[in-house]
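Undergrad: Handing over final-v3.tsv, TSV, C-alpha atoms.
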```tsv
chain	number	residue	atom	x	y	z
A	234	MET	CA	-49.94	-36.17	10.26
A	235	GLY	CA	-47.29	-34.94	7.86
A	236	SER	CA	-48.27	-33.50	4.51
A	237	CYS	CA	-48.49	-36.13	1.82
A	238	LEU	CA	-47.36	-33.49	-0.63
A	239	GLY	CA	-43.91	-33.24	0.98
A	240	LYS	CA	-41.69	-30.18	0.73
A	241	PRO	CA	-42.14	-27.88	-2.27
A	242	GLU	CA	-39.39	-28.29	-4.83
A	243	GLN	CA	-36.70	-25.61	-4.71
A	244	THR	CA	-36.42	-23.17	-7.59
A	245	GLU	CA	-33.13	-23.04	-9.47
A	246	LYS	CA	-32.23	-19.78	-7.69
A	247	GLU	CA	-32.91	-21.38	-4.29
A	248	LYS	CA	-30.78	-24.40	-5.20
A	249	VAL	CA	-27.87	-22.12	-6.08
A	250	GLU	CA	-28.29	-20.24	-2.79
A	251	THR	CA	-28.25	-23.49	-0.82
A	252	LYS	CA	-25.05	-24.58	-2.57
A	253	LEU	CA	-23.44	-21.18	-1.96
A	254	ARG	CA	-24.25	-21.29	1.77
A	255	LYS	CA	-22.59	-24.70	1.95
A	256	LEU	CA	-19.62	-23.35	0.03
A	257	HIS	CA	-19.17	-20.49	2.50
A	258	SER	CA	-19.30	-22.88	5.44
A	259	GLN	CA	-16.49	-24.91	3.85
A	260	TYR	CA	-14.51	-21.73	3.24
A	261	ALA	CA	-14.94	-20.69	6.89
A	262	LYS	CA	-13.87	-24.15	8.04
A	263	HIS	CA	-10.83	-24.74	5.84
A	264	LEU	CA	-9.46	-21.58	4.19
A	265	LEU	CA	-10.33	-18.82	6.64
A	266	PRO	CA	-8.07	-20.19	9.43
A	267	LEU	CA	-5.12	-20.13	7.01
A	268	GLU	CA	-6.02	-16.59	5.93
A	269	ARG	CA	-5.82	-15.48	9.54
A	270	SER	CA	-2.70	-17.42	10.50
A	271	SER	CA	-0.83	-16.21	7.39
A	272	HIS	CA	-2.00	-12.59	7.94
A	273	PHE	CA	-3.68	-12.66	4.52
A	274	SER	CA	-6.80	-11.12	6.07
A	275	SER	CA	-4.86	-8.09	7.29
A	276	LEU	CA	-2.16	-7.76	4.62
A	277	GLY	CA	-4.14	-8.96	1.62
A	278	ASP	CA	-7.90	-9.01	1.66
A	279	PRO	CA	-10.53	-9.11	4.42
A	280	PRO	CA	-12.35	-12.43	4.98
A	281	TYR	CA	-15.35	-13.31	2.84
A	282	THR	CA	-18.64	-13.01	4.67
A	283	GLU	CA	-21.64	-15.14	3.80
A	284	ALA	CA	-23.10	-12.05	2.11
A	285	ASP	CA	-20.00	-11.86	-0.12
A	286	VAL	CA	-20.68	-15.39	-1.35
A	287	LEU	CA	-24.48	-15.06	-1.65
A	288	ALA	CA	-24.58	-11.64	-3.34
A	289	PRO	CA	-25.02	-11.25	-7.10
A	290	LEU	CA	-21.78	-11.18	-9.04
A	291	MET	CA	-20.10	-7.82	-9.63
A	292	VAL	CA	-19.20	-6.30	-12.98
A	293	MET	CA	-16.78	-3.40	-12.54
A	294	THR	CA	-15.90	-0.56	-14.90
A	295	ILE	CA	-12.53	1.21	-14.76
A	296	GLY	CA	-11.11	3.94	-16.94
A	297	GLN	CA	-9.70	7.41	-17.22
A	298	TYR	CA	-12.26	10.19	-16.89
A	299	SER	CA	-14.63	10.79	-19.79
A	300	THR	CA	-13.92	7.49	-21.53
A	301	GLY	CA	-17.59	6.41	-21.58
A	302	LYS	CA	-17.89	4.14	-18.52
A	303	THR	CA	-21.03	5.71	-17.09
A	304	THR	CA	-22.59	6.15	-20.54
A	305	PHE	CA	-22.14	2.42	-21.18
A	306	ILE	CA	-23.66	1.55	-17.80
A	307	LYS	CA	-26.68	3.72	-18.68
A	308	ALA	CA	-27.04	1.81	-21.96
A	309	LEU	CA	-26.65	-1.53	-20.16
A	310	LEU	CA	-29.31	-0.65	-17.57
A	311	GLY	CA	-31.60	1.01	-20.09
A	312	ARG	CA	-31.95	4.11	-17.88
A	313	ASP	CA	-30.12	6.57	-15.64
A	314	TYR	CA	-29.20	5.35	-12.19
A	315	PRO	CA	-29.83	7.62	-9.15
A	316	GLY	CA	-26.87	9.96	-8.65
A	317	MET	CA	-25.52	9.42	-12.18
A	318	HIS	CA	-23.67	12.33	-13.80
A	319	ILE	CA	-22.06	12.47	-17.23
A	320	SER	CA	-19.89	15.29	-18.64
A	321	ALA	CA	-16.75	15.87	-20.69
A	322	ALA	CA	-14.84	16.84	-17.53
A	323	PRO	CA	-14.21	14.41	-14.62
A	324	ALA	CA	-17.77	13.61	-13.54
A	325	THR	CA	-18.03	10.35	-11.62
A	326	ASP	CA	-15.93	11.22	-8.57
A	327	LYS	CA	-17.42	8.49	-6.40
A	328	PHE	CA	-17.63	4.72	-6.40
A	329	PHE	CA	-21.23	3.73	-7.16
A	330	ALA	CA	-22.57	0.25	-6.42
A	331	ILE	CA	-25.72	-0.14	-8.52
A	332	LEU	CA	-28.02	-2.87	-7.30
A	333	SER	CA	-31.61	-4.06	-7.35
A	334	GLU	CA	-33.94	-2.97	-4.55
A	335	GLU	CA	-37.62	-2.13	-4.09
A	336	LYS	CA	-37.25	1.54	-5.05
A	337	ASP	CA	-34.99	3.91	-6.96
A	338	ASP	CA	-32.75	5.77	-4.55
A	339	GLU	CA	-29.23	7.05	-3.92
A	340	ILE	CA	-27.91	5.92	-0.55
A	341	PRO	CA	-24.69	6.78	1.33
A	342	GLY	CA	-21.90	4.25	1.48
A	343	THR	CA	-22.09	4.16	5.27
A	344	SER	CA	-25.53	2.55	4.95
A	345	LEU	CA	-24.19	-0.08	2.56
A	346	VAL	CA	-21.15	-1.05	4.63
A	347	ASN	CA	-23.29	-1.41	7.77
A	348	ASN	CA	-25.81	-3.65	6.02
A	349	THR	CA	-24.68	-7.23	6.73
A	350	CYS	CA	-26.91	-8.49	3.93
A	351	GLN	CA	-24.75	-6.67	1.39
A	352	PRO	CA	-21.22	-7.65	0.27
A	353	PHE	CA	-19.58	-4.38	1.33
A	354	THR	CA	-19.13	-4.72	5.09
A	355	SER	CA	-15.36	-5.31	4.94
A	356	LEU	CA	-14.88	-1.92	3.25
A	357	LYS	CA	-15.55	-0.31	6.63
A	358	ALA	CA	-12.52	-1.90	8.26
A	359	SER	CA	-10.32	-1.74	5.16
A	360	PHE	CA	-10.59	1.95	4.29
A	361	SER	CA	-10.92	5.31	5.98
A	362	ASP	CA	-13.99	7.46	6.52
A	363	ASN	CA	-12.73	9.57	3.60
A	364	PHE	CA	-13.30	6.60	1.32
A	365	LEU	CA	-16.78	5.99	2.72
A	366	GLN	CA	-17.66	9.58	1.85
A	367	ASN	CA	-16.77	8.70	-1.74
A	368	PHE	CA	-18.74	5.45	-1.85
A	369	HIS	CA	-22.43	5.54	-2.71
A	370	GLY	CA	-25.14	3.06	-3.54
A	371	ALA	CA	-27.69	3.45	-6.30
A	372	THR	CA	-30.71	1.20	-5.84
A	373	MET	CA	-33.12	0.59	-8.70
A	374	ARG	CA	-36.48	-1.06	-8.82
A	375	SER	CA	-36.41	-4.18	-10.99
A	376	ARG	CA	-38.17	-4.10	-14.32
A	377	GLY	CA	-38.91	-7.78	-13.97
A	378	GLU	CA	-37.48	-10.85	-15.64
A	379	GLY	CA	-34.52	-10.00	-17.84
A	380	ASP	CA	-33.45	-6.95	-15.80
A	381	ILE	CA	-29.66	-7.13	-15.56
A	382	LEU	CA	-29.70	-6.04	-11.92
A	383	GLU	CA	-31.57	-9.21	-11.02
A	384	ASP	CA	-28.30	-11.03	-11.69
A	385	LEU	CA	-25.51	-8.49	-11.23
A	386	ILE	CA	-24.20	-5.62	-9.12
A	387	VAL	CA	-22.61	-3.00	-11.37
A	388	ILE	CA	-19.70	-0.94	-10.01
A	389	ASP	CA	-19.09	2.48	-11.57
A	390	SER	CA	-15.70	3.76	-10.40
A	391	PRO	CA	-14.22	7.28	-10.42
A	392	GLY	CA	-12.23	8.04	-13.55
A	393	THR	CA	-8.48	7.97	-13.16
A	394	LEU	CA	-6.73	11.31	-13.48
A	395	ASP	CA	-3.58	12.36	-15.36
A	396	SER	CA	-1.70	13.09	-12.11
A	397	ASP	CA	-1.45	11.04	-8.91
A	398	GLY	CA	-5.01	12.23	-8.28
A	399	GLY	CA	-4.53	13.98	-4.93
A	400	ARG	CA	-7.30	11.90	-3.35
A	401	ASN	CA	-7.68	11.74	0.43
A	402	TYR	CA	-8.12	7.96	0.53
A	403	ASN	CA	-6.39	4.86	-0.84
A	404	TYR	CA	-7.88	4.92	-4.34
A	405	PRO	CA	-5.73	2.14	-5.90
A	406	GLY	CA	-6.38	-0.01	-2.82
A	407	ALA	CA	-10.13	0.44	-3.16
A	408	MET	CA	-9.90	-0.48	-6.84
A	409	GLY	CA	-8.06	-3.65	-5.83
A	410	TRP	CA	-10.75	-4.54	-3.27
A	411	PHE	CA	-13.50	-4.37	-5.90
A	412	ALA	CA	-11.36	-6.08	-8.56
A	413	ARG	CA	-10.76	-9.13	-6.34
A	414	ARG	CA	-14.51	-9.52	-5.84
A	415	ALA	CA	-15.61	-8.73	-9.39
A	416	ALA	CA	-16.40	-11.47	-11.88
A	417	LEU	CA	-15.65	-9.15	-14.81
A	418	ILE	CA	-13.56	-5.96	-15.05
A	419	VAL	CA	-14.13	-3.72	-18.09
A	420	ILE	CA	-11.34	-1.17	-18.57
A	421	PHE	CA	-12.17	1.78	-20.85
A	422	PHE	CA	-9.77	3.80	-22.97
A	423	ASP	CA	-10.76	6.61	-25.35
A	424	VAL	CA	-9.37	6.63	-28.90
A	425	ASN	CA	-8.59	10.31	-28.39
A	426	LYS	CA	-6.67	9.62	-25.14
A	427	MET	CA	-4.79	6.36	-25.57
A	428	GLY	CA	-2.10	7.25	-23.03
A	429	VAL	CA	-1.96	5.46	-19.68
A	430	SER	CA	-1.94	8.04	-16.89
A	431	ARG	CA	0.15	7.76	-13.74
A	432	GLU	CA	-2.93	7.06	-11.64
A	433	MET	CA	-4.12	4.42	-14.12
A	434	THR	CA	-0.72	2.75	-13.87
A	435	GLN	CA	-1.16	2.59	-10.09
A	436	VAL	CA	-4.61	1.05	-10.56
A	437	LEU	CA	-3.33	-1.56	-13.02
A	438	ALA	CA	-0.72	-2.57	-10.42
A	439	SER	CA	-3.36	-2.78	-7.67
A	440	ILE	CA	-5.62	-5.11	-9.67
A	441	GLN	CA	-2.75	-7.46	-10.52
A	442	GLY	CA	-3.79	-11.09	-10.23
A	443	ASN	CA	-7.16	-10.56	-11.94
A	444	GLU	CA	-6.02	-10.59	-15.55
A	445	GLU	CA	-8.40	-13.35	-16.67
A	446	LYS	CA	-11.37	-11.15	-15.68
A	447	ILE	CA	-10.18	-8.09	-17.61
A	448	ARG	CA	-11.70	-6.88	-20.87
A	449	ILE	CA	-10.15	-3.76	-22.39
A	450	VAL	CA	-12.39	-1.52	-24.49
A	451	PHE	CA	-11.03	1.06	-26.93
A	452	ASN	CA	-14.15	3.21	-26.86
A	453	LYS	CA	-15.51	5.90	-29.22
A	454	ALA	CA	-13.72	4.13	-32.08
A	455	ASP	CA	-16.15	5.59	-34.64
A	456	SER	CA	-15.16	9.17	-33.75
A	457	VAL	CA	-11.80	9.16	-35.60
A	458	PRO	CA	-10.75	8.47	-39.21
A	459	VAL	CA	-9.70	4.91	-40.09
A	460	MET	CA	-5.96	5.69	-40.34
A	461	ASP	CA	-5.99	7.53	-37.00
A	462	LEU	CA	-7.78	4.58	-35.38
A	463	THR	CA	-5.05	2.16	-36.48
A	464	ASP	CA	-2.30	4.42	-35.13
A	465	SER	CA	-4.20	5.01	-31.87
A	466	LEU	CA	-4.74	1.29	-31.31
A	467	SER	CA	-1.03	0.59	-31.84
A	468	GLY	CA	-0.21	3.37	-29.38
A	469	LEU	CA	-2.59	1.98	-26.74
A	470	GLN	CA	-1.19	-1.54	-27.05
A	471	PHE	CA	2.36	-0.20	-26.70
A	472	ASN	CA	1.43	1.83	-23.60
A	473	LEU	CA	-0.40	-1.11	-22.01
A	474	ALA	CA	2.57	-3.40	-22.59
A	475	LYS	CA	4.68	-0.99	-20.52
A	476	SER	CA	2.04	-0.43	-17.82
A	477	MET	CA	0.51	-3.83	-17.13
A	478	PRO	CA	2.58	-6.12	-14.87
A	479	THR	CA	1.93	-9.16	-17.07
A	480	PRO	CA	3.83	-10.66	-20.03
A	481	GLU	CA	0.75	-10.53	-22.26
A	482	VAL	CA	-1.71	-7.68	-22.79
A	483	PRO	CA	-5.39	-8.77	-22.85
A	484	LYS	CA	-7.34	-8.50	-26.08
A	485	VAL	CA	-8.62	-5.01	-26.86
A	486	TYR	CA	-12.26	-4.64	-27.97
A	487	VAL	CA	-12.51	-1.78	-30.48
A	488	THR	CA	-16.01	-0.33	-30.60
A	489	SER	CA	-18.33	2.49	-29.52
A	490	LEU	CA	-20.46	1.91	-26.43
A	491	ASP	CA	-22.70	4.97	-26.20
A	492	SER	CA	-25.59	2.58	-26.88
A	493	LEU	CA	-26.14	-1.16	-27.31
A	494	ALA	CA	-27.41	-0.64	-30.88
A	495	HIS	CA	-25.13	-1.21	-33.85
A	496	GLU	CA	-25.18	2.39	-35.04
A	497	TYR	CA	-21.79	3.90	-35.80
A	498	LYS	CA	-20.46	7.06	-37.37
A	499	GLY	CA	-18.00	6.98	-40.27
A	500	SER	CA	-18.15	5.37	-43.70
A	501	SER	CA	-16.16	2.14	-43.54
A	502	GLN	CA	-18.45	-0.89	-43.47
A	503	GLU	CA	-15.46	-3.09	-42.60
A	504	HIS	CA	-14.88	-1.08	-39.44
A	505	HIS	CA	-18.60	-1.02	-38.64
A	506	ASP	CA	-18.53	-4.82	-38.77
A	507	ARG	CA	-15.57	-4.92	-36.38
A	508	PHE	CA	-17.21	-2.47	-33.97
A	509	ALA	CA	-20.38	-4.59	-33.97
A	510	ARG	CA	-18.47	-7.85	-33.51
A	511	ASP	CA	-16.41	-6.54	-30.58
A	512	LYS	CA	-19.48	-5.01	-28.93
A	513	GLU	CA	-21.29	-8.34	-29.20
A	514	HIS	CA	-18.32	-10.18	-27.71
A	515	LEU	CA	-18.32	-7.84	-24.70
A	516	LEU	CA	-22.07	-8.19	-24.20
A	517	GLN	CA	-21.74	-11.97	-24.46
A	518	ASP	CA	-19.02	-11.88	-21.78
A	519	ILE	CA	-21.40	-9.99	-19.49
A	520	ASP	CA	-24.25	-12.34	-20.34
A	521	ARG	CA	-22.13	-15.38	-19.46
A	522	VAL	CA	-21.40	-13.86	-16.06
A	523	ARG	CA	-25.13	-13.25	-15.51
A	524	HIS	CA	-26.11	-16.83	-16.15
A	525	ASN	CA	-23.27	-18.73	-14.51
A	526	THR	CA	-23.44	-17.50	-10.93
A	527	TYR	CA	-22.37	-20.68	-9.15
A	528	SER	CA	-19.46	-21.52	-11.44
A	529	ARG	CA	-18.20	-17.92	-11.23
A	530	LYS	CA	-18.39	-18.00	-7.43
A	531	ILE	CA	-16.40	-21.24	-7.53
A	532	ASN	CA	-13.82	-19.49	-9.71
A	533	LEU	CA	-13.56	-16.54	-7.30
A	534	LEU	CA	-13.06	-18.81	-4.28
A	535	ASP	CA	-10.63	-21.05	-6.17
A	536	LYS	CA	-8.55	-18.02	-7.13
A	537	ARG	CA	-8.67	-16.78	-3.54
A	538	ALA	CA	-7.52	-20.17	-2.25
A	539	ARG	CA	-4.51	-20.12	-4.56
A	540	MET	CA	-3.64	-16.55	-3.57
A	541	VAL	CA	-3.88	-17.44	0.13
A	542	ARG	CA	-1.61	-20.47	-0.35
A	543	ASN	CA	0.95	-18.45	-2.28
A	544	HIS	CA	0.79	-15.63	0.24
A	545	ALA	CA	1.50	-18.16	3.00
A	546	TYR	CA	4.67	-19.28	1.19
A	547	VAL	CA	5.73	-15.65	0.77
A	548	MET	CA	5.28	-15.10	4.51
A	549	MET	CA	7.23	-18.28	5.27
A	550	GLN	CA	10.14	-17.00	3.16
A	551	LEU	CA	9.87	-13.54	4.72
A	552	GLU	CA	10.13	-15.16	8.16
A	553	LYS	CA	13.29	-16.98	7.05
A	554	GLU	CA	14.78	-13.69	5.85
A	555	LYS	CA	13.85	-12.07	9.16
A	556	LYS	CA	15.68	-14.74	11.16
A	557	LYS	CA	18.89	-13.83	9.36
A	558	CYS	CA	18.64	-10.34	10.83
A	559	VAL	CA	18.10	-11.27	14.50
A	560	SER	CA	19.88	-13.27	17.17
A	561	MET	CA	19.49	-14.23	20.83
A	562	ILE	CA	21.40	-11.08	21.74
A	563	ARG	CA	19.34	-8.89	19.41
A	564	PRO	CA	15.89	-10.56	19.07
A	565	LYS	CA	14.19	-7.55	17.49
A	566	LEU	CA	14.63	-6.03	14.05
A	567	LYS	CA	16.31	-2.68	13.54
A	568	ASP	CA	14.54	-0.09	11.42
A	569	LYS	CA	17.00	-0.60	8.57
A	570	ASP	CA	16.35	-4.38	8.73
A	571	LYS	CA	12.63	-3.74	8.36
A	572	GLU	CA	13.22	-1.51	5.37
A	573	GLN	CA	15.37	-4.17	3.74
A	574	LEU	CA	12.78	-6.89	4.35
A	575	VAL	CA	10.08	-4.79	2.68
A	576	LYS	CA	12.37	-4.10	-0.28
A	577	ARG	CA	12.98	-7.86	-0.60
A	578	VAL	CA	9.31	-8.64	-1.33
A	579	PRO	CA	9.56	-8.61	-5.17
A	580	SER	CA	12.58	-10.95	-5.11
A	581	ILE	CA	10.78	-13.20	-2.59
A	582	TYR	CA	7.84	-13.34	-5.01
A	583	GLU	CA	10.17	-14.44	-7.80
A	584	GLN	CA	11.72	-17.08	-5.57
A	585	VAL	CA	8.35	-18.52	-4.47
A	586	GLN	CA	7.02	-18.46	-8.03
A	587	LYS	CA	10.05	-20.40	-9.24
A	588	GLU	CA	10.24	-22.89	-6.36
A	589	GLN	CA	6.49	-23.59	-6.24
A	590	ASN	CA	5.93	-23.24	-10.00
A	591	ARG	CA	3.21	-20.62	-9.49
A	592	ALA	CA	1.80	-18.13	-12.01
A	593	THR	CA	2.38	-14.44	-11.31
A	594	GLY	CA	-1.38	-13.82	-11.49
A	595	GLU	CA	-1.90	-16.01	-8.40
A	596	PHE	CA	-0.30	-13.52	-6.01
A	597	LEU	CA	-1.37	-10.35	-4.30
A	598	SER	CA	0.07	-7.16	-5.75
A	599	ALA	CA	3.68	-6.94	-4.58
A	600	SER	CA	3.53	-3.15	-4.26
A	601	SER	CA	0.35	-3.36	-2.18
A	602	LEU	CA	1.93	-5.94	0.13
A	603	GLN	CA	5.04	-3.79	0.52
A	604	GLU	CA	2.93	-0.79	1.44
A	605	LYS	CA	1.09	-2.73	4.15
A	606	LEU	CA	4.20	-4.45	5.48
A	607	ALA	CA	5.77	-1.03	6.00
A	608	HIS	CA	3.14	-0.46	8.73
A	609	HIS	CA	3.07	-4.05	10.00
A	610	ASP	CA	4.89	-5.47	13.04
A	611	LEU	CA	7.61	-7.44	11.26
A	612	ASP	CA	8.87	-8.82	14.57
A	613	ARG	CA	5.64	-10.84	14.69
A	614	LEU	CA	5.51	-12.59	11.35
A	615	PRO	CA	3.49	-15.83	11.23
A	616	SER	CA	5.12	-19.17	11.91
A	617	LEU	CA	3.84	-21.56	9.26
A	618	GLY	CA	4.74	-24.98	7.94
A	619	ARG	CA	4.36	-26.42	4.45
A	620	ALA	CA	2.18	-29.31	5.68
A	621	GLN	CA	-0.21	-26.87	7.40
A	622	VAL	CA	-0.54	-24.74	4.29
A	623	GLU	CA	-1.03	-27.64	1.88
A	624	LYS	CA	-3.58	-29.35	4.13
A	625	ALA	CA	-5.77	-26.23	4.29
A	626	TYR	CA	-5.48	-25.65	0.55
A	627	ARG	CA	-6.24	-29.29	-0.28
A	628	LYS	CA	-9.34	-29.31	1.94
A	629	MET	CA	-10.65	-26.16	0.25
A	630	GLU	CA	-9.86	-27.54	-3.17
A	631	GLN	CA	-11.87	-30.69	-2.38
A	632	ALA	CA	-14.81	-28.55	-1.20
A	633	LEU	CA	-14.77	-26.59	-4.46
A	634	GLN	CA	-14.76	-29.80	-6.51
A	635	ALA	CA	-17.59	-31.43	-4.56
```
Take the structure in the file and write it out as structure tokens.
TA:
Amino acid sequence: MGSCLGKPEQTEKEKVETKLRKLHSQYAKHLLPLERSSHFSSLGDPPYTEADVLAPLMVMTIGQYSTGKTTFIKALLGRDYPGMHISAAPATDKFFAILSEEKDDEIPGTSLVNNTCQPFTSLKASFSDNFLQNFHGATMRSRGEGDILEDLIVIDSPGTLDSDGGRNYNYPGAMGWFARRAALIVIFFDVNKMGVSREMTQVLASIQGNEEKIRIVFNKADSVPVMDLTDSLSGLQFNLAKSMPTPEVPKVYVTSLDSLAHEYKGSSQEHHDRFARDKEHLLQDIDRVRHNTYSRKINLLDKRARMVRNHAYVMMQLEKEKKKCVSMIRPKLKDKDKEQLVKRVPSIYEQVQKEQNRATGEFLSASSLQEKLAHHDLDRLPSLGRAQVEKAYRKMEQALQA
């Protein structure tokens, strides 16, 4: 006989997991085929695994070295994470993924990318062994209900340097990979260093398309006199306007994040109130991410669907441009033709954006696409049709609205 009690009722967390598994199956059925046929998976971003969809949401920190990223993470977690290092000189020279596990430990990135239960497996195919040597995991035992790592994975990234960096792996590309998967990106600037370095400019270009997730923090604001703070803030906003590939610069939170307490140096109560207000707004942004997992996952997949659709139109236009360069007598592209096609990408973006009425933030980074196309077989561009693209997008859109 069957149990008269029936099945035990699912917890809220289990209900969300069930919905996310269904969501991934719809993604695999409708959007993934278009990703592959449009070469989005190879030129843009690797496919989402089920672990990508089921994993806790990511909050990512970015900033020039010694701007307070790691110190803020320590305050957010309430303790040091394994492998953490803080100093005035460049200290965090690795990507750290900080996540909840049964014990506190520092683990190599190779272990993380080979663990199919974690959302990092596509890093293995996307980046070199040199990157994996600079990617580590920090696992921390949960402190129980209310522990932030029960709901989030925190990404601590290497600080950007004043030069090109001289790194032996694709640093801007790795930043872009994490940015596309993050639900929130907190970019730190120091009031004493409001310039935007060359490497930071490269990073800002690589994370293009994620502007709605970005929060900019002007940190250590209580360490300078009031008049200097005003001038520094104006300088930062001017530099960001030149460096960010968007018409509008996101709001800047002016505060000091060496702790979560509202304790600030200096004498101006008016500024103390602003520092406290902006800190609270940032913490509320993080809290909203923590407690809206399903809706944020919907947002991430919706954004991905729009990027895939737009990328497909870019590839369709690129194929049209390619056909102008070949003929029955000469069916293959010359090297100079390939160079010209790659150079045409920004203008193709503009054309697609205008014709399809698409926002600039719904496209992959143009510079990143150009870099990958330079090593791609341009004689074998995808053959796509508008009806095929729109059908796949519409099916995914319906799945997201269900």
Undergrad: Where does stretch 274-334 of chain A meet stretch 452-475 of chain A within 10 Å, residue by residue, with the nearest atom pair and distance in Å to one decimal for each, counting all atoms listed in the file, listed by chain and rising number, as JSON lines?
TA:
```
{"residue": "A:Thr300", "atom": "CA", "partner": "A:Asn452", "partner_atom": "CA", "distance": 6.8}
{"residue": "A:Gly301", "atom": "CA", "partner": "A:Asn452", "partner_atom": "CA", "distance": 7.1}
{"residue": "A:Lys302", "atom": "CA", "partner": "A:Asn452", "partner_atom": "CA", "distance": 9.2}
{"residue": "A:Phe305", "atom": "CA", "partner": "A:Asn452", "partner_atom": "CA", "distance": 9.8}
```
Undergrad: Go ahead and compute the interatomic distance for atom CA of A:Ala494 and atom CA of A:Gln297, in Å to one decimal.
TA: 23.8 Å
Undergrad: Could you pull the residues within 12 Å of A:Lys628, counting all atoms listed in the file, minus those fewer than 2 positions along the same chain, as a PyMOL selection string?
TA: chain A and resi 259-267+535+538+542+621-626+630-635
Undergrad: For the selection you just gave me, I'd like the residues written to a file as a CSV table (one decimal), in the coordinates of the input, keeping C-alpha atoms.
TA:
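File produced: result_11.csv:
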```csv
chain,number,residue,atom,x,y,z
A,259,GLN,CA,-16.5,-24.9,3.8
A,260,TYR,CA,-14.5,-21.7,3.2
A,261,ALA,CA,-14.9,-20.7,6.9
A,262,LYS,CA,-13.9,-24.2,8.0
A,263,HIS,CA,-10.8,-24.7,5.8
A,264,LEU,CA,-9.5,-21.6,4.2
A,265,LEU,CA,-10.3,-18.8,6.6
A,266,PRO,CA,-8.1,-20.2,9.4
A,267,LEU,CA,-5.1,-20.1,7.0
A,535,ASP,CA,-10.6,-21.0,-6.2
A,538,ALA,CA,-7.5,-20.2,-2.2
A,542,ARG,CA,-1.6,-20.5,-0.4
A,621,GLN,CA,-0.2,-26.9,7.4
A,622,VAL,CA,-0.5,-24.7,4.3
A,623,GLU,CA,-1.0,-27.6,1.9
A,624,LYS,CA,-3.6,-29.4,4.1
A,625,ALA,CA,-5.8,-26.2,4.3
A,626,TYR,CA,-5.5,-25.6,0.6
A,630,GLU,CA,-9.9,-27.5,-3.2
A,631,GLN,CA,-11.9,-30.7,-2.4
A,632,ALA,CA,-14.8,-28.6,-1.2
A,633,LEU,CA,-14.8,-26.6,-4.5
A,634,GLN,CA,-14.8,-29.8,-6.5
A,635,ALA,CA,-17.6,-31.4,-4.6
```
Undergrad: Which residue is closest to A:Phe360? Choose from A:Leu551, A:Ser275, A:Arg627, A:Gly442 and count all atoms listed in the file.
TA: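 Result for the nearest residue to A:Phe360: A:Ser275.
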Undergrad: Atom CA of A:Tyr314 to atom CA of A:Ser359: how many Å, to one decimal?
TA: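 Distance reported for this atom pair: 26.6 Å.
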Undergrad: Need the axis-aligned box for stretch 473-478 of chain A with 5 Å each side, so what are the centre and edges in Å to one decimal, as lines of an AutoDock Vina configuration file?
TA:
```
center_x = 2.1
center_y = -3.3
center_z = -18.7
size_x = 15.1
size_y = 15.7
size_z = 17.7
```
Undergrad: Would you kindly return, as an mmCIF file with C-alpha atoms, in the coordinates of the input, each protein, DNA or RNA residue with an atom no farther than 8 Å from any atom of A:Ser616, considering all atoms listed in the file and excluding same-chain residues fewer than 2 positions away?
TA:
```cif
data_model
loop_
_atom_site.group_PDB
_atom_site.id
_atom_site.type_symbol
_atom_site.label_atom_id
_atom_site.label_comp_id
_atom_site.auth_asym_id
_atom_site.auth_seq_id
_atom_site.Cartn_x
_atom_site.Cartn_y
_atom_site.Cartn_z
ATOM 1 C CA MET A 549 7.230 -18.280 5.270
ATOM 2 C CA GLU A 552 10.130 -15.160 8.160
ATOM 3 C CA LEU A 614 5.510 -12.590 11.350
ATOM 4 C CA GLY A 618 4.740 -24.980 7.940
#
```
Undergrad: Figure out the distance between atom CA of A:Leu515 and atom CA of A:Ile449, please, to one decimal in Å.
TA: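 Going from atom CA of A:Ile449 over to atom CA of A:Leu515, I get 9.4 Å.
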Undergrad: Which is closest to A:Met540 among A:Lys307, A:Lys246, A:Arg591, A:Lys605, if we use only C-alpha atoms?
TA: A:Arg591
Undergrad: Using only C-alpha atoms, give me every residue within 12 Å of (16.2, -5.3, 6.7) in file coordinates, as a list in words.
TA: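 Those residues lying close to the given coordinates are Leu551, Glu552, Glu554, Lys555, Lys556, Lys557, Cys558, Val559, Lys565, Leu566, Lys567, Asp568, Lys569, Asp570, Lys571, Glu572, Gln573, Leu574, Val575, Lys576, Arg577, Val578, Ala607, Leu611 and Asp612 of chain A.
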Undergrad: Using all atoms listed in the file, tabulate the residues of stretch 317-351 of chain A lying at most 12 Å from any atom of stretch 279-283 of chain A, each with its closest atom pair and that distance in Å to one decimal, by chain and increasing residue number, as JSON lines.
TA:
```
{"residue": "A:Asn348", "atom": "CA", "partner": "A:Thr282", "partner_atom": "CA", "distance": 11.9}
{"residue": "A:Thr349", "atom": "CA", "partner": "A:Thr282", "partner_atom": "CA", "distance": 8.6}
{"residue": "A:Cys350", "atom": "CA", "partner": "A:Glu283", "partner_atom": "CA", "distance": 8.5}
{"residue": "A:Gln351", "atom": "CA", "partner": "A:Glu283", "partner_atom": "CA", "distance": 9.3}
```
Undergrad: Can you work out which one of A:Glu583, A:Asp384, A:Glu513, A:Asp313 has the shortest atom-to-atom distance to A:Met291, counting all atoms listed in the file?
TA: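 Closest to A:Met291, using all atoms listed in the file: A:Asp384.
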Undergrad: Please provide as a PyMOL selection string all residues within 8 Å of A:Ala412, with the sequence filter that same-chain residues fewer than 4 positions apart are discarded (counting only C-alpha atoms).
TA: chain A and resi 293+408+418+440+443
Undergrad: Have a look at A:Ser528, A:Ser501, A:Thr434, A:Gln441 and name the one nearest to A:Leu602; count all atoms listed in the file.
TA: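 The shortest atom-to-atom distance to A:Leu602 comes from A:Gln441.
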Undergrad: Can you tell me, as a list in words, what residues are no more than 9 Å from stretch 334-344 of chain A when counting only C-alpha atoms, ignoring any on the same chain fewer than 2 positions away?
TA: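 In the requested form, the answer reads Tyr314, Pro315, Gly316, Phe328, Phe329, Ala330, Leu332, Val346, Asn347, Asn348, Phe353, Lys357, Asp362, Phe364, Leu365, Gln366, Asn367, Phe368, His369, Gly370, Ala371, Thr372, Met373, Arg374 and Ser375 of chain A.
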